[in-house]
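Peer 1: Sharing a structure below in structure tokens format, with a few things to ask.
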Amino acid sequence: LGEPLVLGIETSCDETGIGIVRGTTLLANTIASSMEQHARYGGVVPEVAARAHLEALRPTLDAALAEAGVTLAELDAIAVTSGPGLAGALMVGVGAAKALALALGIPLYAVNHLVGHVGADLLHAPDEPAEPLALPTVALLVSGGHTSLLLVRDLANDVELLGETIDDAAGEAFDKVARLLGLPYPGGPQIDRAAASGDPTAIRFPRGLTAPKDLVRHRDDFSFSGLKTAVARWVEAARDRGEGVSVPDVAASFRESVADVLTAKAIAACQRLGVPRLLLGGGVVANARVRELAQERADAAGITLRIPPLSLCTDNGAMIAALGARLIAEGHEPSALDFGADSTLPV
Ligand code: KG4
Ligand code: ZN
């Protein structure tokens, strides 16, 4: 004991996440998702997400406190995602965090959502030994909202953006391709399932931003909109020819392109930077081929691959709490209460 009891609040997208940690020990990780409300639109609707956060926050907080077996009065600090994400959604979490911190008279730490994903790797279950996060590490964060490659030297103040998507996020690409194949939202798990019985070499889809001539903002940027268009054109052409479209083959070939680009770039960054560690985060980490190829390539390159449990890879409050606890442990000052939600907050 002696370690701080920290509440984490995450509302940057469609998950209302409340987590409670004591130092690096995970005590509660409660999530309410508004995903079903977005399904008929084929993507997250910001206004709907913000309202859903407002409704879900209190019950999710109560559930987390019950799960951890603690009361609000016992909390030592609060950490909240202040960005990046959907502005209205972020505001709900930031407002709630400020109100709680003021009412309880405890410090508040505003944290970056992407760095929070890295913080997920700090956590261990109460019956598991603590395992220090080895830094520096390269982190590949892939979800419906972001596709970012980071070099993390220090969680508090030294996180470098190596690259990010210049158009669609990887998860978004899965969702869009699923939609054009007639599969329901969210499409990632659907494509993954369909791909299991398909041939990944059936169609050679493009690998975005892998040619040296490609114009990019950052060295390790990603692009998935060309791939999505290529799949759409291929499906259209097959139908025009009156040929049947094998959904498993298209899904497997598309999945192979995404997994190939993601893992090749992440491993190449590790090798270029001399960092023998790669951490994965975000909902797309659930993808079977992404996991398999990441492991295969990491092993071949002598790189240690870290993948937190999936419940800590998707958006959650526990990773935010973990990052807050880390900042406290390292003696960082809490945030002044005049910070706001910042939808484009850089790392
Ligand atoms: O991290 P997450 O739960 O939420 C945010 O986007 O913030 O990620 C959800 C995204 C969706 O785009 C979903 O389609 C994708 O992750 N996803 C997958 C898989 N499971 C979820 N993508 C590919 N393969 C999967 N198995
Ligand atoms: Zn996320």
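Scheme for the structure tokens: letters A, B, ... for chains in order shown; per-chain residue numbers from 1; ligand numbers from 1 in order shown.
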Could you pull out the helix (DSSP H, G or I) residues of region 95-342 of chain A from DSSP and send them as a ChimeraX atom specification?
Peer 2: /A:95-104,113-122,170-180,187-195,225-240,247-273,283-286,288-301,310-313,317-329
Peer 1: Just asking: which residues within region 45-121 of chain A are strand (DSSP E) according to DSSP, as a count of residues only?
Peer 2: 12
Peer 1: Show which residues sit within 10 Å of Ile191 (chain A), as a PyMOL selection string. Count only C-alpha atoms, and ignore same-chain residues fewer than 5 positions away.
Peer 2: chain A and resi 174-175+177-179+181+183-184+186+196+247-248+250-252+254-255+287
Peer 1: Counting only C-alpha atoms, figure out which residue out of A:Ala49, A:Ala286, A:Ala321, A:Leu140 gets nearest to Leu161 (chain A).
Peer 2: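 Of all the options, A:Leu140 lies closest to Leu161 (chain A).
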Peer 1: Hey, which residues come within 10 Å of ligand 2 if we count only C-alpha atoms and all ligand atoms? Could you give them as a list in words?
Peer 2: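 Counting only what the definition allows, namely only C-alpha atoms and all ligand atoms, the set is Glu10, Thr11, Ser12, Cys13, Asp14, Glu15, Pro84, Gly85, His113, Leu114, Val115, Gly116, His117, Leu141, Val142, Ser143, Gly144, Gly145, His146, Thr147, Gly281, Gly282, Gly283, Cys313, Thr314, Asp315 and Asn316 of chain A.
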Peer 1: Could the residues in this selection be saved with C-alpha atoms as a PDB file, in the first residue's frame?
Peer 2:
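again-v2.pdb, written as the output of this step:
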```pdb
ATOM      1  CA  GLU A  10     -12.075   8.239 -20.568  1.00  0.00           C
ATOM      2  CA  THR A  11     -14.717   9.681 -22.910  1.00  0.00           C
ATOM      3  CA  SER A  12     -12.794  10.530 -26.092  1.00  0.00           C
ATOM      4  CA  CYS A  13     -14.881   8.416 -28.466  1.00  0.00           C
ATOM      5  CA  ASP A  14     -17.846   6.104 -27.970  1.00  0.00           C
ATOM      6  CA  GLU A  15     -16.684   4.292 -24.824  1.00  0.00           C
ATOM      7  CA  PRO A  84      -7.343  13.949 -28.674  1.00  0.00           C
ATOM      8  CA  GLY A  85     -10.855  12.781 -29.556  1.00  0.00           C
ATOM      9  CA  HIS A 113      -5.471   9.539 -24.829  1.00  0.00           C
ATOM     10  CA  LEU A 114      -2.705   8.046 -26.986  1.00  0.00           C
ATOM     11  CA  VAL A 115      -0.196   8.071 -24.154  1.00  0.00           C
ATOM     12  CA  GLY A 116      -2.963   6.470 -22.077  1.00  0.00           C
ATOM     13  CA  HIS A 117      -2.935   3.504 -24.483  1.00  0.00           C
ATOM     14  CA  LEU A 141      -1.942   2.322 -31.650  1.00  0.00           C
ATOM     15  CA  VAL A 142      -4.656   1.213 -34.030  1.00  0.00           C
ATOM     16  CA  SER A 143      -8.372   1.747 -33.525  1.00  0.00           C
ATOM     17  CA  GLY A 144     -11.427   3.186 -35.225  1.00  0.00           C
ATOM     18  CA  GLY A 145     -10.230   6.672 -34.327  1.00  0.00           C
ATOM     19  CA  HIS A 146      -6.473   6.559 -34.605  1.00  0.00           C
ATOM     20  CA  THR A 147      -3.528   4.906 -36.288  1.00  0.00           C
ATOM     21  CA  GLY A 281      -2.813  -0.885 -28.443  1.00  0.00           C
ATOM     22  CA  GLY A 282      -6.292  -0.060 -29.782  1.00  0.00           C
ATOM     23  CA  GLY A 283      -9.251  -2.175 -30.863  1.00  0.00           C
ATOM     24  CA  CYS A 313      -6.282  -2.342 -25.581  1.00  0.00           C
ATOM     25  CA  THR A 314      -9.688  -0.929 -26.469  1.00  0.00           C
ATOM     26  CA  ASP A 315     -10.574   2.473 -25.031  1.00  0.00           C
ATOM     27  CA  ASN A 316     -10.878   2.287 -21.254  1.00  0.00           C
TER      28      ASN A 316
END
```
Peer 1: Taking into account only C-alpha atoms, which residue in the set A:Ala125, A:Val245, A:Ala56, A:Ala66 is nearest to Ala202 (chain A)?
Peer 2: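 Nearest candidate to Ala202 (chain A) out of A:Ala125, A:Val245, A:Ala56, A:Ala66: A:Val245.
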Peer 1: Give the answer as one residue: which of A:Val6, A:Ser343, A:Val48, A:Leu104 has the shortest atom-to-atom distance to Glu36 (chain A), using only C-alpha atoms?
Peer 2: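 Closest candidate: A:Val48.
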Peer 1: Pick out the closest residue to ligand 1 from this set: A:Gly187, A:Pro200, A:Pro126, A:Pro4. Count only C-alpha atoms and all ligand atoms.
Peer 2: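 When distances to ligand 1 are compared using only C-alpha atoms and all ligand atoms, the smallest one comes from A:Gly187.
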